[in-house]
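Here is the file input-v3.cif (mmCIF, C-alpha atoms).
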data_entry
#
loop_
_atom_site.label_atom_id
_atom_site.label_comp_id
_atom_site.auth_asym_id
_atom_site.auth_seq_id
_atom_site.Cartn_x
_atom_site.Cartn_y
_atom_site.Cartn_z
CA MET A 1 -76.35 3.37 -56.61
CA THR A 2 -79.35 3.46 -58.93
CA PRO A 3 -81.55 6.58 -59.00
CA ARG A 4 -84.16 4.69 -56.98
CA THR A 5 -81.83 3.51 -54.23
CA ARG A 6 -80.15 6.94 -54.16
CA LEU A 7 -83.50 8.68 -53.57
CA LEU A 8 -84.70 6.12 -51.03
CA THR A 9 -81.44 6.46 -49.11
CA ALA A 10 -81.91 10.23 -48.96
CA LEU A 11 -85.58 9.88 -47.92
CA ARG A 12 -84.38 7.70 -45.05
CA ARG A 13 -82.09 10.61 -44.06
CA SER A 14 -78.96 8.63 -44.80
CA THR A 15 -75.97 9.14 -47.10
CA PRO A 16 -76.09 7.84 -50.70
CA ASP A 17 -73.13 7.70 -53.08
CA ARG A 18 -73.88 11.28 -54.13
CA VAL A 19 -76.58 13.87 -53.56
CA PRO A 20 -79.64 13.10 -55.74
CA VAL A 21 -80.66 15.79 -58.25
CA THR A 22 -83.92 16.06 -60.17
CA LEU A 23 -86.44 18.32 -61.87
CA TYR A 24 -88.87 16.55 -59.52
CA GLU A 25 -92.13 17.42 -61.28
CA TYR A 26 -91.17 16.20 -64.77
CA SER A 27 -89.71 12.99 -66.15
CA ARG A 28 -89.99 10.97 -69.32
CA PHE A 29 -92.22 8.50 -67.46
CA ASN A 30 -94.88 11.12 -66.74
CA ASP A 31 -98.01 11.59 -68.83
CA ASP A 32 -98.34 15.36 -68.69
CA TRP A 33 -98.10 18.40 -70.95
CA PRO A 34 -94.24 18.69 -70.87
CA ASN A 35 -94.10 15.21 -72.42
CA ARG A 36 -96.18 16.53 -75.33
CA GLU A 37 -94.49 19.95 -75.67
CA SER A 38 -91.62 19.74 -78.13
CA SER A 39 -89.56 22.53 -76.55
CA TYR A 40 -89.38 20.49 -73.31
CA ALA A 41 -87.91 17.40 -74.98
CA PRO A 42 -84.26 18.45 -74.34
CA LEU A 43 -85.10 19.14 -70.68
CA LEU A 44 -86.63 15.69 -70.25
CA GLU A 45 -83.55 14.20 -71.93
CA LEU A 46 -81.35 15.91 -69.33
CA GLU A 47 -83.51 14.46 -66.54
CA GLU A 48 -83.24 11.00 -68.06
CA ARG A 49 -79.46 11.27 -68.45
CA TYR A 50 -78.53 12.97 -65.17
CA GLY A 51 -81.59 12.97 -62.92
CA ASP A 52 -82.86 10.85 -60.06
CA SER A 53 -86.52 10.94 -60.98
CA PHE A 54 -89.71 11.13 -59.00
CA ILE A 55 -92.53 9.94 -61.25
CA PHE A 56 -95.78 11.77 -60.52
CA LEU A 57 -98.62 9.31 -60.95
CA PRO A 58 -101.52 9.95 -63.36
CA LEU A 59 -104.15 9.05 -60.78
CA GLU A 60 -106.38 10.81 -58.29
CA LEU A 61 -107.22 10.27 -54.65
CA PRO A 62 -110.73 11.69 -55.02
CA VAL A 63 -112.00 14.20 -52.46
CA PHE A 64 -115.66 15.37 -52.44
CA PHE A 65 -116.10 14.44 -56.14
CA THR A 66 -114.20 13.07 -59.11
CA ALA A 67 -114.24 13.47 -62.87
CA GLN A 68 -115.15 9.77 -63.02
CA GLU A 69 -118.74 10.61 -62.01
CA PRO A 70 -120.27 11.71 -65.34
CA GLY A 71 -123.80 11.80 -63.93
CA ARG A 72 -122.69 14.10 -61.11
CA VAL A 73 -119.85 16.15 -62.59
CA GLN A 74 -120.05 17.98 -65.92
CA PHE A 75 -117.30 19.94 -67.70
CA GLU A 76 -117.69 22.36 -70.56
CA VAL A 77 -115.48 24.82 -72.40
CA ALA A 78 -117.44 28.03 -72.09
CA ALA A 79 -115.31 30.38 -74.18
CA GLN A 80 -112.06 30.70 -76.05
CA SER A 81 -110.74 34.20 -76.70
CA VAL A 82 -107.27 35.65 -77.32
CA GLY A 83 -105.80 32.21 -76.83
CA SER A 84 -107.44 31.66 -73.41
CA ILE A 85 -109.56 28.64 -72.56
CA VAL A 86 -112.34 28.96 -69.98
CA ARG A 87 -113.61 25.77 -68.37
CA VAL A 88 -116.80 25.44 -66.30
CA THR A 89 -117.24 22.59 -63.80
CA THR A 90 -120.72 21.87 -62.45
CA VAL A 91 -121.27 19.39 -59.62
CA GLN A 92 -124.74 18.12 -58.81
CA THR A 93 -125.25 17.58 -55.06
CA PRO A 94 -128.25 16.32 -53.08
CA ARG A 95 -128.87 19.96 -52.09
CA GLY A 96 -128.45 21.54 -55.50
CA PRO A 97 -125.63 22.30 -57.94
CA VAL A 98 -122.34 24.11 -57.31
CA ARG A 99 -120.20 25.60 -60.07
CA SER A 100 -116.59 26.70 -60.60
CA VAL A 101 -114.86 28.44 -63.52
CA ALA A 102 -111.15 28.28 -64.43
CA ARG A 103 -109.12 29.97 -67.18
CA ARG A 104 -105.89 28.93 -68.86
CA ASP A 105 -104.10 31.70 -70.76
CA ALA A 106 -102.10 31.38 -73.96
CA GLY A 107 -98.47 30.44 -73.44
CA LEU A 108 -99.05 28.99 -69.98
CA MET A 109 -99.91 25.50 -68.78
CA THR A 110 -101.42 26.55 -65.47
CA SER A 111 -105.10 27.31 -64.86
CA TRP A 112 -106.39 30.20 -62.76
CA GLN A 113 -109.59 29.97 -60.77
CA ILE A 114 -111.90 32.85 -61.62
CA GLU A 115 -115.01 31.54 -59.83
CA PRO A 116 -114.69 29.17 -56.84
CA LEU A 117 -116.93 26.19 -56.24
CA ILE A 118 -117.96 27.46 -52.79
CA LYS A 119 -119.27 31.03 -52.65
CA THR A 120 -121.89 30.87 -49.88
CA ASP A 121 -122.75 29.03 -46.67
CA ALA A 122 -125.31 27.07 -48.69
CA ASP A 123 -122.56 25.90 -51.04
CA ILE A 124 -120.64 24.50 -48.05
CA GLU A 125 -123.70 22.48 -47.06
CA ARG A 126 -124.07 21.28 -50.65
CA VAL A 127 -120.47 20.05 -50.79
CA LEU A 128 -120.75 18.35 -47.39
CA ALA A 129 -123.90 16.58 -48.61
CA LEU A 130 -122.00 14.83 -51.41
CA PRO A 131 -121.55 11.06 -50.97
CA ASP A 132 -118.03 9.68 -50.89
CA PRO A 133 -116.72 9.58 -54.48
CA PRO A 134 -115.89 6.21 -56.03
CA LEU A 135 -112.35 4.85 -55.87
CA GLN A 136 -111.19 3.52 -59.24
CA TYR A 137 -107.52 2.55 -59.60
CA ASP A 138 -106.10 0.59 -62.52
CA VAL A 139 -103.79 -1.61 -60.48
CA ALA A 140 -102.48 -3.46 -63.54
CA ALA A 141 -101.47 -0.16 -65.19
CA LEU A 142 -99.84 0.99 -61.96
CA ARG A 143 -97.79 -2.19 -61.70
CA ALA A 144 -96.82 -1.92 -65.36
CA LEU A 145 -95.58 1.64 -64.78
CA ALA A 146 -93.61 0.56 -61.71
CA ALA A 147 -92.00 -2.23 -63.74
CA CYS A 148 -91.18 0.19 -66.57
CA VAL A 149 -89.57 2.67 -64.18
CA GLY A 150 -87.69 -0.03 -62.30
CA GLU A 151 -84.55 1.35 -60.68
CA ARG A 152 -84.73 4.66 -62.55
CA GLY A 153 -86.91 6.46 -60.04
CA VAL A 154 -89.49 6.55 -57.27
CA LEU A 155 -93.24 6.72 -57.86
CA CYS A 156 -94.85 9.85 -56.44
CA PRO A 157 -98.61 10.08 -55.86
CA ASN A 158 -99.59 13.75 -55.56
CA PRO A 159 -102.84 13.86 -53.55
CA GLY A 160 -102.35 17.00 -51.46
CA ASP A 161 -103.65 17.17 -47.91
CA ALA A 162 -106.92 18.22 -46.31
CA VAL A 163 -106.24 21.96 -46.22
CA GLY A 164 -104.91 21.92 -49.77
CA ARG A 165 -108.05 20.23 -51.06
CA VAL A 166 -110.39 22.49 -49.07
CA VAL A 167 -108.75 25.84 -49.85
CA GLY A 168 -109.14 25.17 -53.57
CA LEU A 169 -112.92 25.17 -53.16
CA PHE A 170 -112.91 28.84 -52.09
CA ASP A 171 -111.71 32.23 -53.16
CA TYR A 172 -108.71 32.49 -50.85
CA ALA A 173 -109.76 35.80 -49.28
CA ASP A 174 -113.15 34.28 -48.41
CA PHE A 175 -111.41 31.21 -46.93
CA ALA A 176 -109.14 33.38 -44.77
CA LEU A 177 -112.06 35.46 -43.46
CA ARG A 178 -114.04 32.33 -42.58
CA CYS A 179 -111.02 30.97 -40.68
CA THR A 180 -110.87 34.05 -38.47
CA ARG A 181 -114.61 34.39 -37.83
CA ASP A 182 -116.28 30.99 -37.43
CA ASP A 183 -114.25 28.08 -38.70
CA ALA A 184 -116.63 25.26 -37.71
CA PRO A 185 -117.68 24.78 -41.38
CA ILE A 186 -114.01 24.81 -42.41
CA GLN A 187 -113.24 22.16 -39.80
CA ALA A 188 -116.13 20.04 -41.10
CA LEU A 189 -114.74 20.24 -44.64
CA LEU A 190 -111.21 19.44 -43.44
CA ALA A 191 -112.36 16.38 -41.49
CA ARG A 192 -114.35 15.10 -44.46
CA ALA A 193 -111.48 15.69 -46.90
CA ASN A 194 -108.98 13.96 -44.61
CA ASP A 195 -111.24 10.94 -44.14
CA GLN A 196 -111.51 10.56 -47.91
CA LEU A 197 -107.77 10.99 -48.43
CA MET A 198 -107.04 8.33 -45.80
CA ARG A 199 -109.56 6.02 -47.48
CA GLY A 200 -107.69 6.56 -50.77
CA VAL A 201 -104.31 5.83 -49.17
CA ARG A 202 -105.64 2.64 -47.57
CA THR A 203 -106.89 1.48 -50.98
CA LEU A 204 -103.97 2.60 -53.15
CA GLY A 205 -101.01 2.36 -50.77
CA PRO A 206 -100.76 -1.44 -50.56
CA HIS A 207 -100.25 -1.58 -54.34
CA LEU A 208 -97.16 0.66 -54.09
CA GLU A 209 -93.72 -0.03 -52.65
CA ASN A 210 -91.61 2.78 -51.20
CA ALA A 211 -93.57 5.42 -53.09
CA ALA A 212 -93.46 9.05 -51.95
CA PHE A 213 -96.85 10.68 -51.34
CA ARG A 214 -96.57 14.44 -51.90
CA LEU A 215 -98.84 16.43 -49.58
CA TRP A 216 -99.33 19.93 -50.99
CA GLY A 217 -101.46 22.45 -49.14
CA PRO A 218 -99.67 23.35 -45.88
CA GLU A 219 -98.33 26.59 -47.39
CA TYR A 220 -101.86 28.00 -47.27
CA CYS A 221 -101.44 28.16 -43.49
CA SER A 222 -98.11 29.98 -43.56
CA ALA A 223 -97.05 33.63 -43.58
CA PRO A 224 -98.00 35.96 -45.09
CA LEU A 225 -101.30 34.28 -45.98
CA LEU A 226 -102.38 33.20 -42.48
CA ASN A 227 -100.79 33.37 -39.04
CA PRO A 228 -98.80 30.10 -39.02
CA ARG A 229 -98.61 29.88 -35.23
CA ARG A 230 -102.40 29.90 -35.06
CA PHE A 231 -103.49 27.97 -38.13
CA PHE A 232 -100.70 25.51 -38.95
CA PRO A 233 -101.21 23.57 -35.68
CA ARG A 234 -104.98 23.76 -36.21
CA TYR A 235 -105.42 22.90 -39.89
CA VAL A 236 -102.23 21.07 -40.88
CA VAL A 237 -100.57 19.17 -38.03
CA PRO A 238 -103.51 17.08 -36.73
CA TYR A 239 -104.88 16.14 -40.14
CA ASP A 240 -101.54 15.51 -41.82
CA ARG A 241 -100.36 13.42 -38.87
CA LEU A 242 -103.32 11.07 -39.33
CA LEU A 243 -102.83 10.94 -43.10
CA ILE A 244 -99.10 10.33 -42.80
CA ASP A 245 -99.70 7.53 -40.30
CA GLU A 246 -101.86 5.84 -42.98
CA ILE A 247 -99.14 6.38 -45.61
CA HIS A 248 -96.49 4.86 -43.35
CA ALA A 249 -98.77 1.93 -42.50
CA THR A 250 -98.77 1.01 -46.20
CA GLY A 251 -94.96 1.08 -46.35
CA ASN A 252 -94.60 4.37 -48.18
CA PHE A 253 -93.08 7.83 -47.59
CA ALA A 254 -94.71 11.23 -47.03
CA ILE A 255 -93.33 14.50 -48.38
CA ILE A 256 -94.62 17.89 -47.22
CA HIS A 257 -94.69 20.52 -49.97
CA CYS A 258 -94.60 24.07 -48.60
CA HIS A 259 -93.47 27.17 -50.45
CA GLY A 260 -92.70 30.45 -48.73
CA MET A 261 -91.68 31.32 -45.20
CA LEU A 262 -90.64 28.37 -43.05
CA ASP A 263 -89.17 29.81 -39.85
CA ALA A 264 -92.35 29.36 -37.78
CA LEU A 265 -93.19 25.98 -39.33
CA LEU A 266 -90.13 23.74 -39.26
CA GLU A 267 -90.68 22.00 -35.95
CA MET A 268 -94.41 21.69 -36.68
CA VAL A 269 -93.63 19.92 -39.97
CA VAL A 270 -91.61 17.42 -37.93
CA GLU A 271 -94.67 16.92 -35.68
CA THR A 272 -96.67 15.63 -38.66
CA GLY A 273 -94.30 12.66 -38.94
CA ALA A 274 -93.36 13.56 -42.53
CA ASP A 275 -90.23 12.06 -44.06
CA ALA A 276 -89.25 15.06 -46.19
CA LEU A 277 -89.86 18.76 -46.78
CA GLU A 278 -89.68 20.59 -50.11
CA PRO A 279 -89.00 22.87 -52.02
CA LEU A 280 -87.03 25.09 -49.57
CA GLU A 281 -87.31 28.69 -50.65
CA THR A 282 -84.46 30.27 -48.70
CA LEU A 283 -82.88 33.64 -48.02
CA PRO A 284 -82.04 35.92 -49.77
CA MET A 285 -85.27 35.19 -51.70
CA PRO A 286 -87.88 37.83 -50.69
CA THR A 287 -90.46 35.07 -50.15
CA ALA A 288 -88.21 33.37 -47.56
CA ASP A 289 -87.27 34.03 -43.94
CA VAL A 290 -84.65 31.37 -43.18
CA THR A 291 -81.42 30.06 -44.67
CA LEU A 292 -80.77 26.49 -45.79
CA ALA A 293 -78.06 26.22 -43.13
CA ASP A 294 -80.61 27.10 -40.44
CA ILE A 295 -83.12 24.59 -41.80
CA LYS A 296 -80.46 21.88 -41.80
CA ARG A 297 -79.39 22.72 -38.27
CA ARG A 298 -82.92 22.71 -36.86
CA VAL A 299 -84.60 19.77 -38.60
CA GLY A 300 -82.04 18.13 -40.91
CA VAL A 301 -81.67 15.10 -38.65
CA ARG A 302 -85.44 14.49 -38.64
CA LEU A 303 -86.39 15.44 -42.22
CA CYS A 304 -84.95 14.79 -45.64
CA LEU A 305 -84.56 18.26 -47.17
CA MET A 306 -85.41 18.61 -50.87
CA GLY A 307 -84.97 21.70 -53.01
CA ALA A 308 -82.95 24.89 -52.46
CA VAL A 309 -82.41 25.74 -56.16
CA GLN A 310 -84.56 28.83 -56.62
CA ALA A 311 -86.90 28.85 -59.62
CA ARG A 312 -85.93 32.45 -60.38
CA THR A 313 -82.30 31.38 -60.81
CA LEU A 314 -83.27 28.41 -62.98
CA GLU A 315 -85.37 30.53 -65.29
CA ALA A 316 -83.52 33.86 -65.38
CA GLY A 317 -80.10 33.56 -63.70
CA THR A 318 -76.79 33.23 -65.45
CA PRO A 319 -75.04 29.85 -65.62
CA ALA A 320 -72.42 31.20 -63.19
CA GLU A 321 -75.15 32.21 -60.74
CA MET A 322 -76.74 28.78 -61.07
CA GLU A 323 -73.46 26.99 -60.36
CA ALA A 324 -72.77 29.18 -57.33
CA GLU A 325 -76.27 28.59 -55.95
CA VAL A 326 -76.07 24.82 -56.38
CA ARG A 327 -72.63 24.65 -54.79
CA ALA A 328 -73.87 26.69 -51.81
CA ALA A 329 -76.86 24.34 -51.48
CA LEU A 330 -74.54 21.32 -51.48
CA ARG A 331 -72.34 22.96 -48.85
CA ASP A 332 -75.24 23.69 -46.49
CA GLY A 333 -77.65 20.85 -47.22
CA SER A 334 -75.63 17.74 -47.91
CA PRO A 335 -73.60 17.12 -44.69
CA GLY A 336 -74.88 13.94 -43.07
CA GLY A 337 -77.06 12.99 -46.04
CA GLY A 338 -80.83 13.37 -46.28
CA PHE A 339 -80.66 15.99 -49.03
CA VAL A 340 -81.99 16.17 -52.60
CA VAL A 341 -81.27 19.04 -54.99
CA LEU A 342 -84.28 20.22 -56.99
CA PRO A 343 -85.78 23.55 -58.15
CA THR A 344 -88.39 25.31 -56.05
CA SER A 345 -90.65 25.12 -59.10
CA ALA A 346 -90.27 23.38 -62.42
CA PRO A 347 -90.52 25.75 -65.39
CA PHE A 348 -93.89 26.13 -67.06
CA MET A 349 -93.31 28.76 -69.75
CA VAL A 350 -94.03 27.70 -73.33
CA PRO A 351 -91.82 27.43 -75.23
CA LEU A 352 -89.01 26.56 -72.83
CA THR A 353 -86.24 29.15 -73.07
CA ALA A 354 -82.66 28.37 -73.99
CA ARG A 355 -81.48 30.06 -70.78
CA CYS A 356 -83.63 27.79 -68.59
CA LEU A 357 -82.37 24.69 -70.42
CA GLU A 358 -78.76 25.80 -70.02
CA ASN A 359 -79.23 26.48 -66.31
CA ALA A 360 -80.86 23.09 -65.79
CA GLU A 361 -77.82 21.39 -67.33
CA VAL A 362 -75.57 23.41 -65.01
CA MET A 363 -77.64 22.22 -62.03
CA TYR A 364 -77.22 18.57 -62.99
CA ARG A 365 -73.54 18.80 -63.87
CA THR A 366 -72.66 20.72 -60.71
CA VAL A 367 -74.29 18.13 -58.46
CA HIS A 368 -72.61 15.26 -60.31
CA ALA A 369 -69.24 17.01 -59.99
CA HIS A 370 -69.47 18.31 -56.42
CA GLY A 371 -72.23 16.34 -54.70
CA ARG A 372 -70.27 13.19 -53.92
CA TYR A 373 -69.68 12.08 -50.36
CA THR A 374 -66.16 11.24 -49.24
#

Mind converting the file's structure to structure tokens?
Amino acid sequence: MTPRTRLLTALRRSTPDRVPVTLYEYSRFNDDWPNRESSYAPLLELEERYGDSFIFLPLELPVFFTAQEPGRVQFEVAAQSVGSIVRVTTVQTPRGPVRSVARRDAGLMTSWQIEPLIKTDADIERVLALPDPPLQYDVAALRALAACVGERGVLCPNPGDAVGRVVGLFDYADFALRCTRDDAPIQALLARANDQLMRGVRTLGPHLENAAFRLWGPEYCSAPLLNPRRFFPRYVVPYDRLLIDEIHATGNFAIIHCHGMLDALLEMVVETGADALEPLETLPMPTADVTLADIKRRVGVRLCLMGAVQARTLEAGTPAEMEAEVRAALRDGSPGGGFVVLPTSAPFMVPLTARCLENAEVMYRTVHAHGRYT
């Protein structure tokens, strides 16, 4: 099989020629910082040689506002000190401006929110007053990318879901308190975000074929952050079900991304209609509460399971520990098909360490050697 047909077979919960394996978040077809960071070049070469790649698309399904509105959205670098970069985003709304501040520290490629966009009730009203942002997709560029990728992978839009897009507007503690006191404003934001995401899927989806939309955000409604039995069926299931119906109507797949504890969530993820669940943090990880074998037993017939290689092992384990973990994942996740091996998080340290690179090669080689179906 080609990498594309291998991944699509797994997403359809069937049995390919071998278990697919991938870094997931990085590939040579992406246009992101790892592709410009020299220490990551050997890692991308491993993915090209051994991986079954998902290609994250360099496009946005805009929610509330977009960077493509220069008259409404302004960005500025406010300060640079000790290698950190501070970025201020100001959004003009019909009811006045809202502002957020993010910082990226030296040696890391992730940004940390230090001032949220929404800080008050008035800010919620300002965000809700925004008109729908424009949809601007370069269809010719998208088709050119799909042709370039060909059989070497599956395109992966990464829009998130309603709760993922709304939580990011708040300080998380403030969001959690609002959920437990009076969540009518939260529900209004969720409904608006989901409507705009569905509008984006309806516009973009028909230009894709068997792409995999990655819906990040559900983990915000899981333990220990919020009570999953109360908030997952309230903030995730109804909105994601509608969004996933739109994704399926355009002939594409939907993947739920959810770190952390899964025991209370598994059957509810199935209720959304999703095709796959990742990245499967599993026991004995302290952030997990269920084993891969239990996940497979409970929902493996109804969901493609993707993940199970713990980021801590990838980054800091020994090669022997990595091989043992991958072989255990193959043992518990691969029976019956519908399984993809990938790390629970791609590395983001700069420069990439030799240990992480060595462990990544062990992951690939172990799956190629022991992930074949007989």

Can you list, as an mmCIF file with C-alpha atoms, in the coordinates of the input, the residues that the PyMOL selection byres ((chain A and resi 311-326) around 12) selects here?
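Writing the result to out27.cif gives the following:
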data_model
loop_
_atom_site.group_PDB
_atom_site.id
_atom_site.type_symbol
_atom_site.label_atom_id
_atom_site.label_comp_id
_atom_site.auth_asym_id
_atom_site.auth_seq_id
_atom_site.Cartn_x
_atom_site.Cartn_y
_atom_site.Cartn_z
ATOM 1 C CA VAL A 19 -76.580 13.870 -53.560
ATOM 2 C CA VAL A 21 -80.660 15.790 -58.250
ATOM 3 C CA LEU A 23 -86.440 18.320 -61.870
ATOM 4 C CA HIS A 259 -93.470 27.170 -50.450
ATOM 5 C CA PRO A 279 -89.000 22.870 -52.020
ATOM 6 C CA LEU A 280 -87.030 25.090 -49.570
ATOM 7 C CA GLU A 281 -87.310 28.690 -50.650
ATOM 8 C CA THR A 282 -84.460 30.270 -48.700
ATOM 9 C CA LEU A 283 -82.880 33.640 -48.020
ATOM 10 C CA PRO A 284 -82.040 35.920 -49.770
ATOM 11 C CA MET A 285 -85.270 35.190 -51.700
ATOM 12 C CA PRO A 286 -87.880 37.830 -50.690
ATOM 13 C CA THR A 287 -90.460 35.070 -50.150
ATOM 14 C CA LEU A 292 -80.770 26.490 -45.790
ATOM 15 C CA GLY A 307 -84.970 21.700 -53.010
ATOM 16 C CA ALA A 308 -82.950 24.890 -52.460
ATOM 17 C CA VAL A 309 -82.410 25.740 -56.160
ATOM 18 C CA GLN A 310 -84.560 28.830 -56.620
ATOM 19 C CA ARG A 327 -72.630 24.650 -54.790
ATOM 20 C CA ALA A 328 -73.870 26.690 -51.810
ATOM 21 C CA ALA A 329 -76.860 24.340 -51.480
ATOM 22 C CA LEU A 330 -74.540 21.320 -51.480
ATOM 23 C CA ARG A 331 -72.340 22.960 -48.850
ATOM 24 C CA ASP A 332 -75.240 23.690 -46.490
ATOM 25 C CA GLY A 333 -77.650 20.850 -47.220
ATOM 26 C CA SER A 334 -75.630 17.740 -47.910
ATOM 27 C CA VAL A 340 -81.990 16.170 -52.600
ATOM 28 C CA VAL A 341 -81.270 19.040 -54.990
ATOM 29 C CA LEU A 342 -84.280 20.220 -56.990
ATOM 30 C CA PRO A 343 -85.780 23.550 -58.150
ATOM 31 C CA THR A 344 -88.390 25.310 -56.050
ATOM 32 C CA SER A 345 -90.650 25.120 -59.100
ATOM 33 C CA ALA A 346 -90.270 23.380 -62.420
ATOM 34 C CA PRO A 347 -90.520 25.750 -65.390
ATOM 35 C CA PHE A 348 -93.890 26.130 -67.060
ATOM 36 C CA MET A 349 -93.310 28.760 -69.750
ATOM 37 C CA LEU A 352 -89.010 26.560 -72.830
ATOM 38 C CA THR A 353 -86.240 29.150 -73.070
ATOM 39 C CA ALA A 354 -82.660 28.370 -73.990
ATOM 40 C CA ARG A 355 -81.480 30.060 -70.780
ATOM 41 C CA CYS A 356 -83.630 27.790 -68.590
ATOM 42 C CA LEU A 357 -82.370 24.690 -70.420
ATOM 43 C CA GLU A 358 -78.760 25.800 -70.020
ATOM 44 C CA ASN A 359 -79.230 26.480 -66.310
ATOM 45 C CA ALA A 360 -80.860 23.090 -65.790
ATOM 46 C CA GLU A 361 -77.820 21.390 -67.330
ATOM 47 C CA VAL A 362 -75.570 23.410 -65.010
ATOM 48 C CA MET A 363 -77.640 22.220 -62.030
ATOM 49 C CA TYR A 364 -77.220 18.570 -62.990
ATOM 50 C CA ARG A 365 -73.540 18.800 -63.870
ATOM 51 C CA THR A 366 -72.660 20.720 -60.710
ATOM 52 C CA VAL A 367 -74.290 18.130 -58.460
ATOM 53 C CA HIS A 368 -72.610 15.260 -60.310
ATOM 54 C CA ALA A 369 -69.240 17.010 -59.990
ATOM 55 C CA HIS A 370 -69.470 18.310 -56.420
ATOM 56 C CA GLY A 371 -72.230 16.340 -54.700
#

Note to self: If I take atom CA of Glu209 of chain A and atom CA of Thr2 of chain A, how far is one from the other in Å, to one decimal?
What the structure shows: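 One can read the atom CA of Glu209 of chain A to atom CA of Thr2 of chain A distance as 16.1 Å.
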
Notebook entry, point to check: If we count all atoms listed in the file, what is near Trp216 of chain A at a cut-off of 7 Å, once residues fewer than 2 positions away on the same chain are taken out, given as a ChimeraX atom specification?
Noted result: /A:160-161,164,214,218,256-258

Margin query: Can you measure atom CA of Asp294 of chain A to atom CA of Leu277 of chain A for me? One decimal in Å is fine.
Written below: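 Rounded to one decimal, the two atoms are 14.0 Å apart.
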
Notebook entry, point to check: Of the candidates A:Ala144, A:Tyr24, A:Pro16, A:Arg199, which shows the shortest atom-to-atom distance to Glu278 of chain A, using all atoms listed in the file?
Noted result: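 Closest candidate: A:Tyr24.
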
Next item on the list: Pick out the residues sitting within 12 Å of Gln74 of chain A, and hand them over as a list of chain:residue names; count only C-alpha atoms, and ignore anything fewer than 4 positions along from it in its own chain.
Entry: A:Phe65, A:Thr66, A:Ala67, A:Gln68, A:Glu69, A:Pro70, A:Arg87, A:Val88, A:Thr89, A:Thr90, A:Val91, A:Gln92, A:Pro97, A:Val98, A:Arg99, A:Ser100, A:Val101

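Counting from atom CA of Asp32 of chain A, the distance to atom CA of Gln113 of chain A is 20.1 Å.
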